[in-house]
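Novice: run21.cif is reproduced in full below (mmCIF, C-alpha atoms).
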data_run
#
loop_
_atom_site.group_PDB
_atom_site.id
_atom_site.type_symbol
_atom_site.label_atom_id
_atom_site.label_comp_id
_atom_site.auth_asym_id
_atom_site.auth_seq_id
_atom_site.Cartn_x
_atom_site.Cartn_y
_atom_site.Cartn_z
ATOM 1 C CA MET J 1 -3.701 -102.972 107.950
ATOM 2 C CA SER J 2 -5.760 -103.193 111.104
ATOM 3 C CA ILE J 3 -5.863 -106.977 111.106
ATOM 4 C CA VAL J 4 -7.177 -107.242 114.661
ATOM 5 C CA GLY J 5 -9.862 -104.624 114.026
ATOM 6 C CA LEU J 6 -11.010 -106.214 110.791
ATOM 7 C CA ASN J 7 -11.085 -109.708 112.277
ATOM 8 C CA ARG J 8 -12.989 -108.411 115.311
ATOM 9 C CA LEU J 9 -15.445 -106.574 113.050
ATOM 10 C CA ALA J 10 -16.053 -109.728 110.993
ATOM 11 C CA ARG J 11 -16.780 -111.772 114.103
ATOM 12 C CA GLU J 12 -18.848 -109.181 115.932
ATOM 13 C CA LEU J 13 -21.058 -108.269 112.962
ATOM 14 C CA GLU J 14 -22.146 -111.891 113.004
ATOM 15 C CA HIS J 15 -22.398 -112.429 116.758
ATOM 16 C CA VAL J 16 -23.214 -109.147 118.526
ATOM 17 C CA PRO J 17 -26.982 -108.608 118.555
ATOM 18 C CA GLY J 18 -27.978 -105.445 116.691
ATOM 19 C CA LEU J 19 -24.504 -104.584 115.398
ATOM 20 C CA LEU J 20 -25.192 -105.622 111.816
ATOM 21 C CA ASP J 21 -28.398 -103.574 111.815
ATOM 22 C CA ARG J 22 -26.492 -100.555 113.155
ATOM 23 C CA PHE J 23 -23.809 -101.062 110.497
ATOM 24 C CA ARG J 24 -26.412 -101.199 107.728
ATOM 25 C CA GLU J 25 -28.102 -98.070 109.054
ATOM 26 C CA ALA J 26 -24.906 -96.026 109.569
ATOM 27 C CA PRO J 27 -21.643 -97.864 108.811
ATOM 28 C CA GLN J 28 -19.152 -95.097 109.642
ATOM 29 C CA PRO J 29 -19.830 -94.894 113.407
ATOM 30 C CA VAL J 30 -19.583 -98.682 113.669
ATOM 31 C CA LEU J 31 -16.344 -98.813 111.650
ATOM 32 C CA HIS J 32 -14.843 -95.972 113.695
ATOM 33 C CA ALA J 33 -15.038 -98.147 116.814
ATOM 34 C CA TYR J 34 -12.683 -100.676 115.178
ATOM 35 C CA HIS J 35 -9.873 -98.168 114.474
ATOM 36 C CA LEU J 36 -9.733 -98.928 110.763
ATOM 37 C CA SER J 37 -7.925 -96.818 108.195
ATOM 38 C CA GLU J 38 -9.974 -94.875 105.659
ATOM 39 C CA ASP J 39 -8.964 -97.384 102.968
ATOM 40 C CA GLU J 40 -10.126 -100.279 105.148
ATOM 41 C CA LYS J 41 -13.436 -98.556 105.870
ATOM 42 C CA ARG J 42 -13.941 -97.946 102.155
ATOM 43 C CA ALA J 43 -13.148 -101.577 101.333
ATOM 44 C CA VAL J 44 -15.592 -102.872 103.933
ATOM 45 C CA CYS J 45 -18.358 -100.482 102.825
ATOM 46 C CA HIS J 46 -17.825 -101.449 99.191
ATOM 47 C CA THR J 47 -17.422 -105.153 100.080
ATOM 48 C CA ASP J 48 -14.078 -105.112 98.276
ATOM 49 C CA ALA J 49 -12.832 -108.586 99.165
ATOM 50 C CA THR J 50 -10.038 -108.382 96.597
ATOM 51 C CA TRP J 51 -8.529 -105.301 98.257
ATOM 52 C CA LEU J 52 -8.908 -106.687 101.787
ATOM 53 C CA LEU J 53 -7.299 -110.002 100.834
ATOM 54 C CA ALA J 54 -4.448 -108.285 98.981
ATOM 55 C CA HIS J 55 -3.772 -106.151 102.045
ATOM 56 C CA GLY J 56 -3.534 -109.070 104.445
ATOM 57 C CA MET J 57 -6.957 -109.852 105.866
ATOM 58 C CA ASN J 58 -7.311 -113.442 106.993
ATOM 59 C CA PRO J 59 -9.179 -115.326 104.231
ATOM 60 C CA VAL J 60 -11.497 -117.102 106.672
ATOM 61 C CA ALA J 61 -12.400 -113.886 108.502
ATOM 62 C CA LEU J 62 -12.803 -112.166 105.126
ATOM 63 C CA ARG J 63 -15.180 -114.855 103.886
ATOM 64 C CA ASN J 64 -17.243 -114.546 107.062
ATOM 65 C CA LEU J 65 -17.336 -110.757 106.745
ATOM 66 C CA MET J 66 -18.465 -110.851 103.127
ATOM 67 C CA VAL J 67 -21.158 -113.463 103.778
ATOM 68 C CA VAL J 68 -22.497 -111.476 106.740
ATOM 69 C CA LEU J 69 -22.602 -108.405 104.485
ATOM 70 C CA GLY J 70 -24.605 -110.330 101.903
ATOM 71 C CA ILE J 71 -21.912 -111.310 99.410
ATOM 72 C CA ALA J 72 -22.028 -114.990 98.513
ATOM 73 C CA HIS J 73 -18.703 -116.803 98.631
ATOM 74 C CA HIS J 74 -18.697 -117.418 94.866
ATOM 75 C CA ALA J 75 -19.286 -113.691 94.238
ATOM 76 C CA MET J 76 -16.493 -112.327 96.450
ATOM 77 C CA TYR J 77 -13.921 -111.849 93.718
ATOM 78 C CA PRO J 78 -15.274 -110.216 90.538
ATOM 79 C CA ALA J 79 -12.239 -111.226 88.458
ATOM 80 C CA GLN J 80 -13.032 -114.886 89.087
ATOM 81 C CA ARG J 81 -16.621 -114.406 87.907
ATOM 82 C CA THR J 82 -15.587 -112.754 84.643
ATOM 83 C CA GLY J 83 -12.583 -114.964 83.966
ATOM 84 C CA ALA J 84 -10.188 -111.996 84.088
#
Taking this structure as input, can you express it in the form of structure tokens?
Specialist:
Amino acid sequence: MSIVGLNRLARELEHVPGLLDRFREAPQPVLHAYHLSEDEKRAVCHTDATWLLAHGMNPVALRNLMVVLGIAHHAMYPAQRTGA
């Protein structure tokens, strides 16, 4: 896992002016700059917090990433919502 890239992405989407807008408009070019694997890119694009956490992303950075991408903290993990 590209821990450094994912953590950097989470921080910069929140703090770099215009980056979040660019990501929303065309995510692949933005993700390419962070040297993420295809699986990591897919997980970010699909806001798959469960996969990212299971593959080692820092929980705090993950929470920040999901919130910036519009996923509320309580909605990050679908299994918790359904009781599964």
Novice: Can you list, as a ChimeraX atom specification, the residues that the PyMOL selection byres ((chain J and resi 41-49) around 7) selects here?
Specialist: /J:31,36-40,50-53,62,66,76-77
Novice: Evaluate the PyMOL selection byres ((chain J and resi 12-15) around 12) against this structure - the residues, as number ranges by chain, please.
Specialist: J: 4-11, 16-24, 27, 30-31, 33-34, 44, 61, 63-70
Novice: Just C-alpha atoms for this one: save the residues we selected as a tab-separated table (two decimals), in the coordinates of the input.
Specialist:
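Output saved as selection-v7.tsv:
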chain	number	residue	atom	x	y	z
J	4	VAL	CA	-7.18	-107.24	114.66
J	5	GLY	CA	-9.86	-104.62	114.03
J	6	LEU	CA	-11.01	-106.21	110.79
J	7	ASN	CA	-11.08	-109.71	112.28
J	8	ARG	CA	-12.99	-108.41	115.31
J	9	LEU	CA	-15.44	-106.57	113.05
J	10	ALA	CA	-16.05	-109.73	110.99
J	11	ARG	CA	-16.78	-111.77	114.10
J	16	VAL	CA	-23.21	-109.15	118.53
J	17	PRO	CA	-26.98	-108.61	118.56
J	18	GLY	CA	-27.98	-105.44	116.69
J	19	LEU	CA	-24.50	-104.58	115.40
J	20	LEU	CA	-25.19	-105.62	111.82
J	21	ASP	CA	-28.40	-103.57	111.82
J	22	ARG	CA	-26.49	-100.56	113.16
J	23	PHE	CA	-23.81	-101.06	110.50
J	24	ARG	CA	-26.41	-101.20	107.73
J	27	PRO	CA	-21.64	-97.86	108.81
J	30	VAL	CA	-19.58	-98.68	113.67
J	31	LEU	CA	-16.34	-98.81	111.65
J	33	ALA	CA	-15.04	-98.15	116.81
J	34	TYR	CA	-12.68	-100.68	115.18
J	44	VAL	CA	-15.59	-102.87	103.93
J	61	ALA	CA	-12.40	-113.89	108.50
J	63	ARG	CA	-15.18	-114.86	103.89
J	64	ASN	CA	-17.24	-114.55	107.06
J	65	LEU	CA	-17.34	-110.76	106.74
J	66	MET	CA	-18.46	-110.85	103.13
J	67	VAL	CA	-21.16	-113.46	103.78
J	68	VAL	CA	-22.50	-111.48	106.74
J	69	LEU	CA	-22.60	-108.40	104.48
J	70	GLY	CA	-24.60	-110.33	101.90
Novice: State, in Å with one decimal place, the distance from atom CA of Pro59 of chain J to atom CA of His73 of chain J.
Specialist: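 Answer for the atom CA of Pro59 of chain J to atom CA of His73 of chain J separation: 11.1 Å.
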Novice: Hey, can I get the axis-aligned box for segment 9-21 of chain J? All listed atoms, 8 Å padding on each side, centre and edge lengths in Å to one decimal, as JSON.
Specialist:
{"center_x": -21.9, "center_y": -108.0, "center_z": 114.8, "size_x": 29.0, "size_y": 24.9, "size_z": 23.6}
Novice: Could I get segment 27-38 of chain J rebuilt with all heavy atoms, written as a PDB file, in the coordinates of the input?
Specialist:
ATOM      1  N   PRO J  27     -22.886 -97.094 108.676  1.00  0.00           N
ATOM      2  CA  PRO J  27     -21.643 -97.864 108.811  1.00  0.00           C
ATOM      3  C   PRO J  27     -20.477 -97.093 109.442  1.00  0.00           C
ATOM      4  O   PRO J  27     -19.696 -97.688 110.188  1.00  0.00           O
ATOM      5  CB  PRO J  27     -21.307 -98.274 107.377  1.00  0.00           C
ATOM      6  CG  PRO J  27     -22.118 -97.409 106.497  1.00  0.00           C
ATOM      7  CD  PRO J  27     -23.296 -96.945 107.279  1.00  0.00           C
ATOM      8  N   GLN J  28     -20.342 -95.819 109.171  1.00  0.00           N
ATOM      9  CA  GLN J  28     -19.152 -95.097 109.642  1.00  0.00           C
ATOM     10  C   GLN J  28     -18.984 -95.101 111.160  1.00  0.00           C
ATOM     11  O   GLN J  28     -17.877 -95.343 111.646  1.00  0.00           O
ATOM     12  CB  GLN J  28     -19.128 -93.675 109.077  1.00  0.00           C
ATOM     13  CG  GLN J  28     -18.873 -93.632 107.580  1.00  0.00           C
ATOM     14  CD  GLN J  28     -17.599 -94.355 107.156  1.00  0.00           C
ATOM     15  OE1 GLN J  28     -16.558 -94.270 107.786  1.00  0.00           O
ATOM     16  NE2 GLN J  28     -17.691 -95.090 106.056  1.00  0.00           N
ATOM     17  N   PRO J  29     -20.023 -94.830 111.943  1.00  0.00           N
ATOM     18  CA  PRO J  29     -19.830 -94.894 113.407  1.00  0.00           C
ATOM     19  C   PRO J  29     -19.410 -96.276 113.896  1.00  0.00           C
ATOM     20  O   PRO J  29     -18.591 -96.399 114.812  1.00  0.00           O
ATOM     21  CB  PRO J  29     -21.192 -94.505 113.974  1.00  0.00           C
ATOM     22  CG  PRO J  29     -21.876 -93.767 112.884  1.00  0.00           C
ATOM     23  CD  PRO J  29     -21.354 -94.352 111.599  1.00  0.00           C
ATOM     24  N   VAL J  30     -19.960 -97.320 113.288  1.00  0.00           N
ATOM     25  CA  VAL J  30     -19.583 -98.682 113.669  1.00  0.00           C
ATOM     26  C   VAL J  30     -18.118 -98.920 113.312  1.00  0.00           C
ATOM     27  O   VAL J  30     -17.330 -99.392 114.138  1.00  0.00           O
ATOM     28  CB  VAL J  30     -20.499 -99.731 112.992  1.00  0.00           C
ATOM     29  CG1 VAL J  30     -19.973-101.141 113.237  1.00  0.00           C
ATOM     30  CG2 VAL J  30     -21.930 -99.588 113.494  1.00  0.00           C
ATOM     31  N   LEU J  31     -17.725 -98.584 112.092  1.00  0.00           N
ATOM     32  CA  LEU J  31     -16.344 -98.813 111.650  1.00  0.00           C
ATOM     33  C   LEU J  31     -15.348 -98.014 112.473  1.00  0.00           C
ATOM     34  O   LEU J  31     -14.240 -98.474 112.747  1.00  0.00           O
ATOM     35  CB  LEU J  31     -16.208 -98.476 110.165  1.00  0.00           C
ATOM     36  CG  LEU J  31     -16.997 -99.386 109.226  1.00  0.00           C
ATOM     37  CD1 LEU J  31     -16.906 -98.869 107.798  1.00  0.00           C
ATOM     38  CD2 LEU J  31     -16.534-100.825 109.323  1.00  0.00           C
ATOM     39  N   HIS J  32     -15.735 -96.816 112.890  1.00  0.00           N
ATOM     40  CA  HIS J  32     -14.843 -95.972 113.695  1.00  0.00           C
ATOM     41  C   HIS J  32     -14.424 -96.679 114.995  1.00  0.00           C
ATOM     42  O   HIS J  32     -13.281 -96.558 115.425  1.00  0.00           O
ATOM     43  CB  HIS J  32     -15.524 -94.640 114.015  1.00  0.00           C
ATOM     44  CG  HIS J  32     -14.676 -93.724 114.816  1.00  0.00           C
ATOM     45  ND1 HIS J  32     -13.596 -93.056 114.275  1.00  0.00           N
ATOM     46  CD2 HIS J  32     -14.710 -93.402 116.134  1.00  0.00           C
ATOM     47  CE1 HIS J  32     -13.014 -92.338 115.225  1.00  0.00           C
ATOM     48  NE2 HIS J  32     -13.669 -92.528 116.359  1.00  0.00           N
ATOM     49  N   ALA J  33     -15.323 -97.447 115.554  1.00  0.00           N
ATOM     50  CA  ALA J  33     -15.038 -98.147 116.814  1.00  0.00           C
ATOM     51  C   ALA J  33     -13.967 -99.220 116.655  1.00  0.00           C
ATOM     52  O   ALA J  33     -13.391 -99.675 117.652  1.00  0.00           O
ATOM     53  CB  ALA J  33     -16.319 -98.769 117.364  1.00  0.00           C
ATOM     54  N   TYR J  34     -13.662 -99.612 115.419  1.00  0.00           N
ATOM     55  CA  TYR J  34     -12.683-100.676 115.178  1.00  0.00           C
ATOM     56  C   TYR J  34     -11.319-100.135 114.746  1.00  0.00           C
ATOM     57  O   TYR J  34     -10.425-100.901 114.418  1.00  0.00           O
ATOM     58  CB  TYR J  34     -13.244-101.663 114.141  1.00  0.00           C
ATOM     59  CG  TYR J  34     -14.400-102.441 114.730  1.00  0.00           C
ATOM     60  CD1 TYR J  34     -15.694-101.939 114.665  1.00  0.00           C
ATOM     61  CD2 TYR J  34     -14.184-103.637 115.388  1.00  0.00           C
ATOM     62  CE1 TYR J  34     -16.752-102.626 115.236  1.00  0.00           C
ATOM     63  CE2 TYR J  34     -15.232-104.326 115.966  1.00  0.00           C
ATOM     64  CZ  TYR J  34     -16.513-103.812 115.896  1.00  0.00           C
ATOM     65  OH  TYR J  34     -17.556-104.494 116.471  1.00  0.00           O
ATOM     66  N   HIS J  35     -11.161 -98.824 114.767  1.00  0.00           N
ATOM     67  CA  HIS J  35      -9.873 -98.168 114.474  1.00  0.00           C
ATOM     68  C   HIS J  35      -9.302 -98.585 113.121  1.00  0.00           C
ATOM     69  O   HIS J  35      -8.122 -98.920 113.005  1.00  0.00           O
ATOM     70  CB  HIS J  35      -8.864 -98.432 115.596  1.00  0.00           C
ATOM     71  CG  HIS J  35      -9.410 -98.066 116.944  1.00  0.00           C
ATOM     72  ND1 HIS J  35      -9.598 -96.762 117.327  1.00  0.00           N
ATOM     73  CD2 HIS J  35      -9.841 -98.832 117.967  1.00  0.00           C
ATOM     74  CE1 HIS J  35     -10.114 -96.737 118.562  1.00  0.00           C
ATOM     75  NE2 HIS J  35     -10.277 -97.981 118.966  1.00  0.00           N
ATOM     76  N   LEU J  36     -10.158 -98.569 112.106  1.00  0.00           N
ATOM     77  CA  LEU J  36      -9.733 -98.928 110.763  1.00  0.00           C
ATOM     78  C   LEU J  36      -9.249 -97.688 110.014  1.00  0.00           C
ATOM     79  O   LEU J  36      -9.696 -96.582 110.284  1.00  0.00           O
ATOM     80  CB  LEU J  36     -10.894 -99.558 109.993  1.00  0.00           C
ATOM     81  CG  LEU J  36     -11.571-100.754 110.643  1.00  0.00           C
ATOM     82  CD1 LEU J  36     -12.730-101.233 109.776  1.00  0.00           C
ATOM     83  CD2 LEU J  36     -10.586-101.880 110.886  1.00  0.00           C
ATOM     84  N   SER J  37      -8.370 -97.920 109.053  1.00  0.00           N
ATOM     85  CA  SER J  37      -7.925 -96.818 108.195  1.00  0.00           C
ATOM     86  C   SER J  37      -9.075 -96.443 107.254  1.00  0.00           C
ATOM     87  O   SER J  37     -10.043 -97.200 107.094  1.00  0.00           O
ATOM     88  CB  SER J  37      -6.704 -97.245 107.374  1.00  0.00           C
ATOM     89  OG  SER J  37      -7.094 -98.174 106.372  1.00  0.00           O
ATOM     90  N   GLU J  38      -8.952 -95.298 106.618  1.00  0.00           N
ATOM     91  CA  GLU J  38      -9.974 -94.875 105.659  1.00  0.00           C
ATOM     92  C   GLU J  38     -10.077 -95.869 104.505  1.00  0.00           C
ATOM     93  O   GLU J  38     -11.173 -96.160 104.028  1.00  0.00           O
ATOM     94  CB  GLU J  38      -9.691 -93.464 105.159  1.00  0.00           C
ATOM     95  CG  GLU J  38      -9.893 -92.391 106.227  1.00  0.00           C
ATOM     96  CD  GLU J  38     -11.282 -92.417 106.862  1.00  0.00           C
ATOM     97  OE1 GLU J  38     -12.287 -92.503 106.117  1.00  0.00           O
ATOM     98  OE2 GLU J  38     -11.367 -92.368 108.107  1.00  0.00           O
TER      99      GLU J  38
END
